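To be precise, the following lines are protein_34.cif, and they hold mmCIF, C-alpha atoms.
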```cif
data_data
#
loop_
_atom_site.label_atom_id
_atom_site.label_comp_id
_atom_site.auth_asym_id
_atom_site.auth_seq_id
_atom_site.Cartn_x
_atom_site.Cartn_y
_atom_site.Cartn_z
CA MET A 1 -10.50 -19.63 3.94
CA ASP A 2 -7.69 -20.85 1.77
CA PHE A 3 -4.42 -19.17 0.95
CA ILE A 4 -5.68 -17.86 -2.40
CA ALA A 5 -8.03 -15.63 -0.46
CA LEU A 6 -5.00 -14.41 1.48
CA VAL A 7 -3.08 -13.76 -1.74
CA ASN A 8 -5.95 -11.64 -2.97
CA ALA A 9 -6.48 -9.78 0.24
CA LYS A 10 -3.97 -9.73 3.06
CA TRP A 11 -0.94 -10.39 0.87
CA SER A 12 -2.14 -8.53 -2.22
CA ASP A 13 0.69 -6.00 -1.97
CA ARG A 14 3.36 -8.67 -1.79
CA LYS A 15 5.08 -11.11 -4.07
CA VAL A 16 3.97 -14.61 -3.13
CA THR A 17 5.69 -17.73 -4.40
CA VAL A 18 4.01 -21.10 -4.13
CA GLU A 19 5.60 -24.50 -4.57
CA ASP A 20 2.95 -27.11 -5.13
CA ALA A 21 2.15 -30.25 -7.06
CA SER A 22 -0.67 -31.38 -9.30
CA GLN A 23 -3.34 -33.24 -7.42
CA TYR A 24 -3.70 -35.58 -10.38
CA SER A 25 -0.21 -36.33 -11.66
CA GLY A 26 1.99 -35.24 -8.77
CA GLU A 27 3.94 -33.02 -11.18
CA ARG A 28 5.53 -30.09 -9.38
CA ILE A 29 4.10 -26.65 -9.93
CA HIS A 30 5.72 -23.28 -9.35
CA LEU A 31 3.51 -20.25 -9.04
CA VAL A 32 4.27 -16.59 -8.44
CA PHE A 33 1.64 -14.01 -7.55
CA GLU A 34 2.17 -10.27 -7.61
CA ASN A 35 -0.54 -7.86 -6.59
CA GLY A 36 -2.89 -10.79 -6.36
CA GLN A 37 -2.34 -11.79 -9.98
CA VAL A 38 -0.57 -14.86 -11.36
CA LYS A 39 2.73 -13.66 -12.81
CA GLU A 40 4.55 -16.93 -13.29
CA LEU A 41 3.23 -20.43 -13.71
CA ASP A 42 5.33 -23.48 -14.41
CA PRO A 43 4.41 -25.67 -16.15
CA PRO A 44 2.50 -23.08 -18.19
CA ALA A 45 -0.34 -25.49 -18.93
CA SER A 46 -1.25 -25.68 -15.25
CA LYS A 47 -4.71 -24.57 -14.35
CA VAL A 48 -5.19 -22.64 -11.18
CA PHE A 49 -8.55 -22.92 -9.49
CA LEU A 50 -9.28 -19.67 -7.80
CA GLY A 51 -12.68 -20.59 -6.49
CA GLY A 52 -13.33 -20.90 -2.82
CA GLY A 53 -15.94 -21.34 -0.22
CA MET B 1 5.72 -44.32 -15.89
CA ALA B 2 2.98 -45.52 -13.80
CA GLY B 3 3.99 -43.04 -11.27
CA ALA B 4 3.93 -39.91 -13.23
CA GLY B 5 1.00 -41.85 -13.04
CA GLY B 6 0.13 -43.96 -15.93
CA THR B 7 -1.97 -42.93 -18.81
CA GLY B 8 -4.82 -41.79 -16.72
CA ARG B 9 -2.74 -39.33 -14.81
CA LYS B 10 -0.25 -37.85 -17.24
CA ILE B 11 -2.25 -34.81 -18.08
CA LEU B 12 0.21 -32.92 -20.25
CA ALA B 13 -2.18 -30.36 -21.58
CA ALA B 14 -3.59 -29.34 -18.25
CA THR B 15 -1.77 -30.08 -15.02
CA LEU B 16 -4.23 -29.07 -12.45
CA LEU B 17 -3.30 -27.22 -9.36
CA ALA B 18 -6.18 -27.47 -6.99
CA VAL B 19 -5.10 -24.48 -4.99
CA ALA B 20 -8.56 -24.05 -3.63
CA TRP B 21 -8.75 -27.69 -2.67
CA ALA B 22 -10.14 -26.95 0.74
CA THR B 23 -13.42 -25.90 -0.72
CA VAL B 24 -16.55 -27.52 -1.81
CA ALA B 25 -17.61 -28.98 -5.07
CA LYS B 26 -19.41 -26.18 -6.82
CA GLY B 27 -22.51 -27.06 -8.72
CA ALA B 28 -21.91 -28.15 -12.28
CA PRO B 29 -24.44 -28.92 -14.95
CA GLN B 30 -23.44 -32.58 -15.03
CA ARG B 31 -24.17 -32.98 -11.32
CA ALA B 32 -27.55 -31.32 -11.07
CA SER B 33 -29.09 -33.95 -8.83
CA GLY B 34 -28.30 -36.43 -6.14
CA LYS B 35 -27.13 -39.88 -7.05
CA GLN B 36 -29.40 -42.79 -6.28
CA THR B 37 -28.08 -45.94 -4.65
CA ARG B 38 -29.65 -48.84 -2.84
CA ARG B 39 -26.79 -49.79 -0.55
CA PRO B 40 -27.48 -50.30 3.10
CA MET B 41 -26.29 -47.51 5.29
CA PRO B 42 -23.24 -48.73 7.21
CA GLY B 43 -23.75 -49.46 10.86
CA PHE B 44 -21.66 -47.35 13.18
CA GLU B 45 -21.16 -46.08 16.66
CA LEU B 46 -19.45 -42.72 16.97
CA GLU B 47 -18.67 -40.25 19.70
CA ALA B 48 -21.27 -37.55 20.22
CA LEU B 49 -20.18 -34.08 21.26
CA ASP B 50 -21.21 -34.69 24.86
CA GLY B 51 -18.88 -37.67 25.03
CA SER B 52 -21.62 -40.29 24.80
CA ARG B 53 -21.78 -42.85 22.02
CA PHE B 54 -24.26 -42.46 19.18
CA SER B 55 -25.34 -45.61 17.44
CA SER B 56 -26.76 -45.78 13.93
CA ARG B 57 -29.46 -48.00 15.44
CA ALA B 58 -31.03 -44.77 16.72
CA LEU B 59 -31.98 -44.03 13.10
CA ALA B 60 -33.72 -47.36 12.56
CA GLY B 61 -37.19 -47.05 11.11
CA LYS B 62 -36.74 -43.38 10.29
CA VAL B 63 -36.09 -41.47 7.14
CA ALA B 64 -32.75 -39.92 7.96
CA LEU B 65 -30.54 -37.23 6.53
CA VAL B 66 -26.91 -37.99 7.32
CA ASP B 67 -24.69 -35.01 6.64
CA LEU B 68 -20.93 -35.42 6.37
CA TRP B 69 -19.46 -32.00 6.91
CA ALA B 70 -16.51 -30.12 8.33
CA THR B 71 -16.58 -27.22 10.74
CA TRP B 72 -14.37 -25.19 8.42
CA CYS B 73 -16.57 -25.78 5.38
CA LYS B 74 -18.57 -22.60 4.86
CA PRO B 75 -21.29 -24.02 2.58
CA CYS B 76 -21.70 -26.92 5.02
CA ILE B 77 -22.34 -24.44 7.82
CA GLU B 78 -24.75 -22.45 5.67
CA GLU B 79 -26.82 -25.60 5.13
CA ILE B 80 -27.32 -26.35 8.81
CA PRO B 81 -30.30 -24.01 9.28
CA ARG B 82 -31.94 -25.81 6.34
CA TRP B 83 -31.46 -29.14 8.06
CA ASN B 84 -32.85 -27.62 11.25
CA GLU B 85 -35.92 -26.49 9.30
CA LEU B 86 -36.43 -29.88 7.65
CA LEU B 87 -36.24 -31.47 11.07
CA ARG B 88 -38.81 -29.06 12.40
CA ARG B 89 -41.18 -29.84 9.55
CA TYR B 90 -40.86 -33.57 9.37
CA GLU B 91 -39.59 -34.91 12.69
CA GLY B 92 -43.12 -35.74 13.74
CA ARG B 93 -43.46 -38.01 10.71
CA GLY B 94 -40.39 -40.04 11.51
CA PHE B 95 -37.62 -37.94 10.03
CA ALA B 96 -34.21 -37.52 11.67
CA VAL B 97 -31.01 -35.67 10.93
CA LEU B 98 -27.48 -36.60 11.94
CA GLY B 99 -24.36 -34.54 11.38
CA ILE B 100 -21.05 -36.39 11.11
CA ALA B 101 -18.20 -33.88 11.41
CA ILE B 102 -15.04 -35.10 9.75
CA GLN B 103 -11.58 -33.61 9.40
CA SER B 104 -12.58 -31.27 12.21
CA GLY B 105 -10.59 -32.50 15.18
CA TRP B 106 -11.84 -33.86 18.45
CA ALA B 107 -15.28 -33.43 19.98
CA THR B 108 -13.94 -30.49 22.01
CA ASP B 109 -12.68 -28.81 18.84
CA ILE B 110 -15.99 -29.30 17.06
CA LYS B 111 -17.95 -28.02 20.04
CA ALA B 112 -15.77 -24.94 20.22
CA ASP B 113 -16.39 -24.24 16.53
CA ILE B 114 -20.14 -24.79 16.80
CA GLU B 115 -20.36 -22.42 19.73
CA LYS B 116 -19.20 -19.67 17.39
CA PHE B 117 -22.05 -20.25 14.94
CA ASP B 118 -24.95 -17.78 14.89
CA PHE B 119 -27.42 -20.60 15.38
CA GLU B 120 -27.98 -23.84 17.25
CA ILE B 121 -27.76 -27.25 15.69
CA ASN B 122 -30.96 -29.03 16.59
CA TYR B 123 -29.83 -32.55 15.80
CA PRO B 124 -27.05 -34.82 17.00
CA VAL B 125 -23.53 -34.20 15.77
CA VAL B 126 -20.95 -36.93 16.04
CA VAL B 127 -17.21 -37.12 15.42
CA GLY B 128 -16.43 -38.87 12.15
CA ASN B 129 -13.26 -40.49 10.91
CA GLN B 130 -11.72 -42.01 7.83
CA GLU B 131 -13.35 -45.37 8.53
CA ILE B 132 -16.86 -43.96 8.47
CA GLU B 133 -16.07 -42.02 5.30
CA ARG B 134 -14.92 -45.25 3.68
CA ALA B 135 -17.98 -47.08 4.95
CA PHE B 136 -20.19 -44.51 3.29
CA GLY B 137 -18.31 -44.94 0.03
CA GLY B 138 -15.89 -42.07 0.36
CA VAL B 139 -16.23 -38.34 0.61
CA LEU B 140 -14.70 -36.46 -2.29
CA ALA B 141 -16.00 -33.03 -1.49
CA PHE B 142 -17.95 -31.15 1.11
CA PRO B 143 -20.76 -31.20 1.81
CA THR B 144 -21.74 -34.80 1.14
CA THR B 145 -25.17 -35.71 2.39
CA PHE B 146 -27.02 -39.01 2.36
CA LEU B 147 -30.74 -39.65 2.53
CA ILE B 148 -31.60 -42.94 4.20
CA THR B 149 -34.86 -44.87 3.87
CA ARG B 150 -36.80 -46.27 6.80
CA GLU B 151 -35.38 -49.65 5.84
CA GLY B 152 -31.86 -48.35 6.33
CA LYS B 153 -30.87 -48.13 2.67
CA ILE B 154 -28.99 -45.21 1.21
CA TYR B 155 -31.57 -43.65 -1.08
CA LYS B 156 -29.49 -40.83 -2.48
CA LYS B 157 -26.19 -39.05 -2.11
CA TYR B 158 -25.98 -35.29 -2.65
CA VAL B 159 -22.57 -33.76 -3.18
CA GLY B 160 -21.57 -30.12 -3.10
CA GLU B 161 -23.74 -27.22 -4.06
CA TYR B 162 -25.99 -27.10 -7.11
CA GLU B 163 -29.15 -25.47 -8.27
CA ASN B 164 -32.36 -26.72 -6.65
CA LYS B 165 -30.46 -29.06 -4.37
CA HIS B 166 -32.59 -28.38 -1.33
CA THR B 167 -35.82 -28.50 -3.28
CA GLU B 168 -34.78 -31.93 -4.48
CA ILE B 169 -33.84 -33.10 -1.01
CA GLU B 170 -37.12 -32.01 0.50
CA ALA B 171 -39.06 -33.66 -2.31
CA ASP B 172 -37.11 -36.87 -1.72
CA ILE B 173 -37.78 -36.72 2.02
CA LYS B 174 -41.49 -36.31 1.41
CA GLU B 175 -41.44 -39.19 -1.06
CA LEU B 176 -39.75 -41.51 1.43
CA LEU B 177 -41.99 -40.44 4.30
CA SER B 178 -45.05 -41.16 2.20
CA ARG B 179 -43.98 -44.73 1.58
CA LYS B 180 -45.31 -47.43 3.84
CA SER B 181 -42.50 -49.16 5.73
CA MET C 1 26.00 -71.98 34.23
CA ARG C 2 28.30 -68.94 34.10
CA ARG C 3 26.69 -67.90 30.81
CA GLN C 4 23.30 -67.34 32.37
CA PRO C 5 24.10 -64.24 34.44
CA ARG C 6 25.86 -62.71 31.40
CA ALA C 7 22.94 -63.52 29.14
CA ARG C 8 20.58 -62.00 31.67
CA LEU C 9 22.74 -58.93 31.96
CA ALA C 10 22.86 -58.60 28.20
CA GLY C 11 19.13 -58.97 28.06
CA LEU C 12 18.68 -56.41 30.80
CA TRP C 13 21.02 -54.02 29.02
CA LEU C 14 19.12 -54.43 25.78
CA ALA C 15 15.81 -53.88 27.54
CA CYS C 16 17.13 -50.71 29.17
CA TRP C 17 18.48 -49.46 25.88
CA ALA C 18 15.18 -50.15 24.14
CA ALA C 19 13.25 -48.46 26.92
CA ALA C 20 15.54 -45.47 26.72
CA SER C 21 14.99 -45.27 22.96
CA VAL C 22 11.23 -45.32 23.40
CA ALA C 23 11.40 -42.79 26.20
CA SER C 24 13.60 -40.48 24.18
CA ALA C 25 11.17 -40.60 21.26
CA ALA C 26 8.52 -39.20 23.56
CA GLU C 27 10.67 -36.33 24.82
CA LEU C 28 12.27 -33.52 22.94
CA THR C 29 15.65 -31.92 23.31
CA PRO C 30 15.70 -28.16 23.93
CA LYS C 31 16.77 -27.66 20.31
CA GLN C 32 13.81 -29.69 19.05
CA GLN C 33 11.48 -27.97 21.47
CA LYS C 34 12.40 -24.66 19.88
CA VAL C 35 11.05 -25.87 16.56
CA LEU C 36 7.91 -27.22 18.17
CA ASP C 37 7.33 -23.93 19.95
CA TYR C 38 7.65 -22.10 16.63
CA LEU C 39 5.26 -24.44 14.85
CA VAL C 40 2.63 -24.42 17.59
CA ALA C 41 2.69 -20.63 17.66
CA ASN C 42 2.18 -20.46 13.89
CA TRP C 43 -0.11 -23.35 13.03
CA GLY C 44 -3.60 -22.28 12.13
CA GLN C 45 -2.66 -18.68 11.43
CA ASP C 46 -3.14 -17.74 7.79
CA THR C 47 -4.11 -21.39 7.14
CA ALA C 48 -0.62 -22.53 8.19
CA VAL C 49 0.10 -26.22 8.59
CA THR C 50 3.84 -25.66 8.36
CA GLY C 51 5.89 -28.81 8.12
CA ILE C 52 8.58 -29.70 10.60
CA ASP C 53 11.27 -29.46 7.92
CA LEU C 54 10.33 -25.89 7.07
CA GLY C 55 10.02 -25.08 10.75
CA MET C 56 13.57 -26.30 11.32
CA GLU C 57 14.79 -24.17 8.42
CA ILE C 58 13.03 -21.07 9.70
CA VAL C 59 14.17 -21.51 13.29
CA GLY C 60 17.68 -22.04 11.99
CA GLY C 61 20.46 -24.18 13.34
CA ASP C 62 21.83 -27.58 12.66
CA TYR C 63 18.89 -29.95 12.42
CA SER C 64 18.95 -33.49 11.15
CA PRO C 65 16.43 -36.04 9.90
CA ASP C 66 16.65 -37.57 13.37
CA ASP C 67 15.42 -34.28 14.82
CA ARG C 68 12.52 -34.30 12.39
CA TYR C 69 11.75 -37.88 13.27
CA ALA C 70 11.79 -37.08 16.98
CA LEU C 71 9.44 -34.14 16.50
CA ALA C 72 7.07 -36.18 14.33
CA ALA C 73 7.06 -39.05 16.81
CA TYR C 74 6.29 -36.61 19.57
CA LEU C 75 3.37 -35.12 17.66
CA ARG C 76 2.05 -38.56 16.81
CA GLU C 77 1.98 -39.33 20.53
CA HIS C 78 0.66 -35.93 21.54
CA PRO C 79 -2.14 -34.74 19.25
CA GLU C 80 -3.36 -32.59 22.11
CA VAL C 81 -0.48 -30.24 21.25
CA HIS C 82 -2.43 -28.51 18.48
CA ARG C 83 -5.67 -28.75 16.58
CA VAL C 84 -3.82 -28.84 13.27
CA ILE C 85 -2.54 -32.29 14.23
CA ARG C 86 -6.01 -33.42 15.26
CA MET C 87 -7.56 -32.17 12.06
CA PHE C 88 -4.95 -32.93 9.44
CA GLY C 89 -2.80 -35.63 10.99
CA TRP C 90 0.79 -35.75 12.16
CA GLU C 91 1.89 -37.13 8.77
CA THR C 92 1.27 -33.94 6.86
CA VAL C 93 3.63 -31.95 9.06
CA ALA C 94 6.15 -34.77 9.39
CA LEU C 95 6.85 -35.35 5.71
CA THR C 96 8.83 -33.19 3.32
CA PRO C 97 7.38 -32.28 -0.09
CA ASP C 98 9.60 -34.91 -1.72
CA GLU C 99 8.39 -37.59 0.67
CA LYS C 100 4.78 -36.63 0.09
CA LEU C 101 5.17 -36.93 -3.66
CA ILE C 102 6.91 -40.28 -3.30
CA ALA C 103 4.14 -41.49 -0.99
CA ARG C 104 1.52 -40.39 -3.50
CA GLN C 105 3.10 -42.36 -6.31
CA LEU C 106 3.34 -45.47 -4.14
CA SER C 107 -0.20 -44.98 -2.90
CA TRP C 108 -1.57 -44.72 -6.42
CA ALA C 109 0.30 -47.82 -7.54
CA ASP C 110 -0.98 -49.71 -4.51
CA ARG C 111 -4.56 -48.57 -5.03
CA GLU C 112 -4.51 -49.43 -8.71
CA GLY C 113 -2.90 -52.81 -8.17
CA ARG C 114 0.15 -51.82 -10.19
CA PRO C 115 3.72 -52.75 -9.41
CA SER C 116 5.51 -50.28 -7.24
CA PRO C 117 7.48 -47.78 -9.35
CA THR C 118 11.22 -48.22 -9.73
CA ALA C 119 13.63 -45.76 -8.16
CA ALA C 120 14.30 -44.17 -11.55
CA GLU C 121 10.57 -43.83 -12.22
CA LEU C 122 10.06 -42.24 -8.84
CA ALA C 123 12.91 -39.80 -9.38
CA ARG C 124 11.42 -38.78 -12.72
CA ALA C 125 7.85 -38.56 -11.47
CA VAL C 126 8.73 -36.67 -8.33
CA GLY C 127 11.38 -34.45 -9.90
CA ALA C 128 13.95 -35.42 -7.31
CA SER C 129 17.43 -36.91 -7.38
CA PRO C 130 17.92 -40.64 -6.91
CA GLN C 131 19.53 -39.91 -3.56
CA ALA C 132 16.56 -37.83 -2.45
CA VAL C 133 14.27 -40.67 -3.47
CA ALA C 134 16.34 -43.19 -1.52
CA GLU C 135 16.35 -40.97 1.54
CA GLY C 136 12.66 -40.30 1.17
CA LEU C 137 11.82 -43.99 1.02
CA GLN C 138 13.95 -44.63 4.07
CA MET C 139 12.15 -41.94 6.02
CA LEU C 140 8.71 -43.05 4.88
CA GLU C 141 9.51 -46.55 6.07
CA ARG C 142 10.87 -45.22 9.34
CA PHE C 143 7.63 -43.33 9.88
CA GLY C 144 5.65 -46.50 9.22
CA ILE C 145 3.91 -45.05 6.19
CA ILE C 146 5.30 -47.61 3.77
CA ARG C 147 6.38 -51.19 4.35
CA PRO C 148 8.79 -53.39 2.43
CA ASP C 149 7.04 -55.85 0.15
CA ALA C 150 9.20 -58.01 -2.08
CA GLY C 151 6.18 -58.85 -4.19
CA ALA C 152 5.43 -55.19 -4.93
CA GLY C 153 8.02 -54.88 -7.67
CA GLY C 154 9.93 -51.67 -8.36
CA VAL C 155 11.31 -50.16 -5.16
CA GLY C 156 9.58 -52.94 -3.24
CA TYR C 157 7.26 -50.95 -1.04
CA ARG C 158 3.55 -50.79 -0.42
CA MET C 159 1.59 -48.51 1.84
CA ALA C 160 1.65 -49.73 5.41
CA LYS C 161 -2.01 -49.03 6.14
CA GLN C 162 -5.21 -48.92 4.13
CA ALA C 163 -5.66 -45.34 5.30
CA TYR C 164 -2.58 -44.42 3.29
CA VAL C 165 -3.88 -46.17 0.19
CA ASP C 166 -7.16 -44.28 0.10
CA TRP C 167 -5.93 -41.15 1.83
CA GLU C 168 -7.52 -38.86 -0.71
CA GLY C 169 -11.00 -37.55 -0.16
CA ALA C 170 -12.64 -35.27 2.34
CA MET C 171 -10.03 -32.70 1.38
CA ARG C 172 -7.44 -34.67 3.26
CA ILE C 173 -3.94 -33.20 2.89
CA THR C 174 -1.87 -36.08 4.21
CA PHE C 175 0.36 -36.20 1.14
CA MET C 176 -0.24 -32.68 -0.13
CA TYR C 177 1.56 -29.42 0.35
CA HIS C 178 1.35 -25.77 -0.61
CA ARG C 179 4.69 -24.24 0.36
CA VAL C 180 4.24 -20.49 0.38
CA ASN C 181 6.79 -17.71 0.56
CA VAL C 182 5.28 -14.32 1.24
CA HIS C 183 8.35 -12.36 0.30
CA GLY C 184 9.65 -10.17 3.06
CA LEU C 185 7.06 -11.48 5.49
CA LYS C 186 6.87 -15.19 6.13
CA ARG C 187 7.24 -18.71 4.84
CA LEU C 188 4.69 -21.36 5.61
CA ASP C 189 2.92 -24.46 4.40
CA THR C 190 -0.79 -23.92 4.05
CA TYR C 191 -3.94 -25.96 3.70
#
```

Would you mind writing the file out in C-alpha cells?
Amino acid sequence: MDFIALVNAKWSDRKVTVEDASQYSGERIHLVFENGQVKELDPPASKVFLGGG
Amino acid sequence: MAGAGGTGRKILAATLLAVAWATVAKGAPQRASGKQTRRPMPGFELEALDGSRFSSRALAGKVALVDLWATWCKPCIEEIPRWNELLRRYEGRGFAVLGIAIQSGWATDIKADIEKFDFEINYPVVVGNQEIERAFGGVLAFPTTFLITREGKIYKKYVGEYENKHTEIEADIKELLSRKS
Amino acid sequence: MRRQPRARLAGLWLACWAAASVASAAELTPKQQKVLDYLVANWGQDTAVTGIDLGMEIVGGDYSPDDRYALAAYLREHPEVHRVIRMFGWETVALTPDEKLIARQLSWADREGRPSPTAAELARAVGASPQAVAEGLQMLERFGIIRPDAGAGGVGYRMAKQAYVDWEGAMRITFMYHRVNVHGLKRLDTY
C-alpha cells in the first residue's frame, strides 16, 4: 500500500502536501492534494502515477 | 548539465513523479511476453527461511522457475498459488520452483509475513540481496520471474503483470520439459 | 630514550581517544535516543520511513548534523532496531532530501562514465544553495556513500560502493524520498 492509497482513503478529508523529486531527472516536485484530488502540481508538466498494487 | 541529467534525463515536457513507485509494472502492450535470453543462471548460495543455506546447485538438471519477489508486493503474493500449482503439475517431470525474496528484510521478517498469507508456499524461499539481483541482470519491477533450462541457462524473463502471462509461462515450462537434456 | 615513554603515552592516548570515538558512535545520548524512540514508534505506520532529519525536527530541540550522524551510525550498526532498516537500508533514513538528490546526480554520472558534476551544476540540478551542496557532499562523504576521486572531475567524488552506483531497481528507495505533510495530523517520509 503506498501513500497515494492513503491520500485517497484515510487522508481523503485532509490537505496533504508532498515534496518529492522526479525519478528520472531528480527535479523537485511539489504536490498538494485536497479531498483526494491533485490541487497543485509544480512543475505543472509533472505526471503523477496513481496506479498501485 | 549532466546532472539535471544530460540529454537523456532532462524531460521538460513530462517530469515524472513515480508516486506509486512501490508497485509493480502493469502490463503494457509493448511487453506482452517474456524476454528470451540464453545467459547462464548465476550460481548462488542464499539463506533459506529455516536458516540453512540453499545452493543453486539444487536446481541442476531441472527446469526451474526462479521468482524474485517481495513480501509487500501484492501481485507477487497473488502469483504464489499459481507457482504452487505448476509445481504440483510438473514436479514429477523435473520441474522446480524457487522464491527469492528481496527488499523484504531478514529471514525472520519474511517468515513472519508468509505466516500471514492465506496459503502455504510449497517451494523453497530464500533471502535475496542486491548482489543476486545484479547477478540476474537487475530487477526493475516486481514481480520478475526467470525460467531456467535443465542446462542452467536463463530461458526467459517475465516482468510484471500482463495478459496471458501465466499461459505463456506454463507453455514455456512444458516446452522445456519436453526437450531432451 | 626519554622520548619513548612519551611516544608510548601519546600513542596510548590516541588509541583511547579513537576507541572512545568508536564507542560513542555506537551509543546514543538521551537527546538522540528521544529521536530514535520517535522514529521506531512511527516507522512502518502509514508507509512511514521517516528520515532522521525530519524526526529531529518533529521531536524538537537543538539537533545538529553530528546528532544525525550518530543516529545513522547507530542504525547502521543495529539493523535489528526496526524492519524498515532491514528492508530499505539505513541510508534512506540517514540522508536528507538534498543529500539524496546530490547522491543521485553523482550516481548517474558514475554509472554513465561521465565526469562528476561541478558544484554549480549540482546546485542547479538539485535546486539547492551552493552551501547546501557543500554541506551535503561533506555529509555524504562522512557517511561513506561517496569517496573523493581527483580523476572524477567536477566536485571530485564518485560513489564509494558499486551498490550506490546501481542502487536503482527492485523499488529501492535509497536515494528517494516522499516527504508528506498531512496538515493538522502528521508529517512523515513514506515509501

Tell me which protein, DNA and RNA residues are within 7 Å of range 114-125 of chain B, counting all atoms listed in the file, leaving out same-chain ones fewer than 2 positions away, and put them as an NGL selection string. :B and (48-49 or 80 or 84 or 97-101 or 110-112 or 127)

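The gap separating CA of Ala96 in chain B from CA of Arg179 in chain B is 15.8 Å, in Å to one decimal.
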
For the contact check between range 143-190 of chain C and range 105-117 of chain C, emit one row per residue of range 143-190 of chain C within 7 Å, containing the shortest atom pair and the distance in Å rounded to one decimal, counting all atoms listed in the file, chain then rising number order, as CSV.
```
residue,atom,partner,partner_atom,distance
C:Ala152,CA,C:Pro115,CA,5.4
C:Gly153,CA,C:Pro115,CA,5.1
C:Gly154,CA,C:Pro117,CA,4.7
C:Val155,CA,C:Pro117,CA,6.2
C:Gly156,CA,C:Ser116,CA,6.3
C:Tyr157,CA,C:Ser116,CA,6.5
C:Arg158,CA,C:Asp110,CA,6.2
C:Met159,CA,C:Ser107,CA,6.2
C:Tyr164,CA,C:Ser107,CA,6.7
C:Val165,CA,C:Ser107,CA,5.0
```

Save the residues we just selected, C-alpha atoms, as a PDB file, in the frame of the given file?
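This went into again_0.pdb:
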```
ATOM      1  CA  ALA C 152       5.430 -55.190  -4.930  1.00  0.00           C
ATOM      2  CA  GLY C 153       8.020 -54.880  -7.670  1.00  0.00           C
ATOM      3  CA  GLY C 154       9.930 -51.670  -8.360  1.00  0.00           C
ATOM      4  CA  VAL C 155      11.310 -50.160  -5.160  1.00  0.00           C
ATOM      5  CA  GLY C 156       9.580 -52.940  -3.240  1.00  0.00           C
ATOM      6  CA  TYR C 157       7.260 -50.950  -1.040  1.00  0.00           C
ATOM      7  CA  ARG C 158       3.550 -50.790  -0.420  1.00  0.00           C
ATOM      8  CA  MET C 159       1.590 -48.510   1.840  1.00  0.00           C
ATOM      9  CA  TYR C 164      -2.580 -44.420   3.290  1.00  0.00           C
ATOM     10  CA  VAL C 165      -3.880 -46.170   0.190  1.00  0.00           C
TER      11      VAL C 165
END
```

Could you please determine the separation between CA of Gly51 in chain B and CA of Gly128 in chain B in Å, to one decimal place? 13.2 Å

Expected selection from the PyMOL selection byres ((chain C) within 8 of (chain B)), given as a VMD selection string: chain C and resid 83 to 84 86 to 88 105 to 106 108 to 109 114 117 121 to 122 124 to 126 163 168 to 172 178 191

Between B:Asp113, B:Glu91, B:Glu78, B:Asp50, smallest distance to chain A by all atoms listed in the file belongs to B:Glu78

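Applied to the file shown here, the PyMOL selection byres ((chain A) within 10 of (chain C)) selects Met1, Asp2, Phe3, Ala5, Leu6, Val7, Lys10, Trp11, Arg14, Lys15, Val16, Thr17, Val18, Glu19, Asp20, Ala21, Ser22, Gln23, Tyr24, Ser25, Gly26, Glu27, Arg28, Ile29, His30, Leu31, Val32 and Phe33 of chain A.
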
What's around Thr96 in chain C at 9 Å? Count all atoms listed in the file, leave out sequence neighbours fewer than 5 positions away in its own chain, and write the answer as number ranges by chain. C: 51-54, 101, 136, 177

Filtering to C-alpha atoms, could you give me those residues as a compact mmCIF listing (two decimals), in the coordinates of the input?
```txt
# COMPACT_ATOMS: atom_id res chain seq x y z
CA GLY C 51 5.89 -28.81 8.12
CA ILE C 52 8.58 -29.70 10.60
CA ASP C 53 11.27 -29.46 7.92
CA LEU C 54 10.33 -25.89 7.07
CA LEU C 101 5.17 -36.93 -3.66
CA GLY C 136 12.66 -40.30 1.17
CA TYR C 177 1.56 -29.42 0.35
```

Give me the result of the PyMOL selection byres ((chain B and resi 41) around 7) on this file, residue by residue, as a PDB file with C-alpha atoms, in the frame of the given file.
```
ATOM      1  CA  ARG B  39     -26.790 -49.790  -0.550  1.00  0.00           C
ATOM      2  CA  PRO B  40     -27.480 -50.300   3.100  1.00  0.00           C
ATOM      3  CA  PRO B  42     -23.240 -48.730   7.210  1.00  0.00           C
ATOM      4  CA  GLY B  43     -23.750 -49.460  10.860  1.00  0.00           C
ATOM      5  CA  GLY B 152     -31.860 -48.350   6.330  1.00  0.00           C
ATOM      6  CA  LYS B 153     -30.870 -48.130   2.670  1.00  0.00           C
ATOM      7  CA  ILE B 154     -28.990 -45.210   1.210  1.00  0.00           C
TER       8      ILE B 154
END
```

Which centre and which edge lengths, in Å to one decimal, describe the axis-aligned box that holds all listed atoms of range 17-23 of chain A after 8 Å is added on each side, as JSON?
```
{"center_x": 1.2, "center_y": -25.5, "center_z": -6.7, "size_x": 25.0, "size_y": 31.5, "size_z": 21.2}
```

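Across the model, the gap from CA of Leu28 in chain C to CA of Gly61 in chain C is 15.7 Å.
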
List every protein, DNA or RNA residue with an atom no more than 8 Å from (-25.2, -26.6, -1.5) in the file's coordinates, counting only C-alpha atoms, and format the result as a PyMOL selection string. chain B and resi 26-27+75-76+79+143+159-163+165-166

Contacts of Val63 in chain B within 10 Å, only C-alpha atoms, excl. fewer than 4 positions in-chain, as a PyMOL selection string: chain B and resi 59+90-91+93-97+147-155+173-174+176-177

Only C-alpha atoms, please: the residues just picked out, written as a CSV table (one decimal), in the coordinates of the input.
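Generated output (selection.csv):
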```
chain,number,residue,atom,x,y,z
B,59,LEU,CA,-32.0,-44.0,13.1
B,90,TYR,CA,-40.9,-33.6,9.4
B,91,GLU,CA,-39.6,-34.9,12.7
B,93,ARG,CA,-43.5,-38.0,10.7
B,94,GLY,CA,-40.4,-40.0,11.5
B,95,PHE,CA,-37.6,-37.9,10.0
B,96,ALA,CA,-34.2,-37.5,11.7
B,97,VAL,CA,-31.0,-35.7,10.9
B,147,LEU,CA,-30.7,-39.6,2.5
B,148,ILE,CA,-31.6,-42.9,4.2
B,149,THR,CA,-34.9,-44.9,3.9
B,150,ARG,CA,-36.8,-46.3,6.8
B,151,GLU,CA,-35.4,-49.6,5.8
B,152,GLY,CA,-31.9,-48.4,6.3
B,153,LYS,CA,-30.9,-48.1,2.7
B,154,ILE,CA,-29.0,-45.2,1.2
B,155,TYR,CA,-31.6,-43.6,-1.1
B,173,ILE,CA,-37.8,-36.7,2.0
B,174,LYS,CA,-41.5,-36.3,1.4
B,176,LEU,CA,-39.8,-41.5,1.4
B,177,LEU,CA,-42.0,-40.4,4.3
```
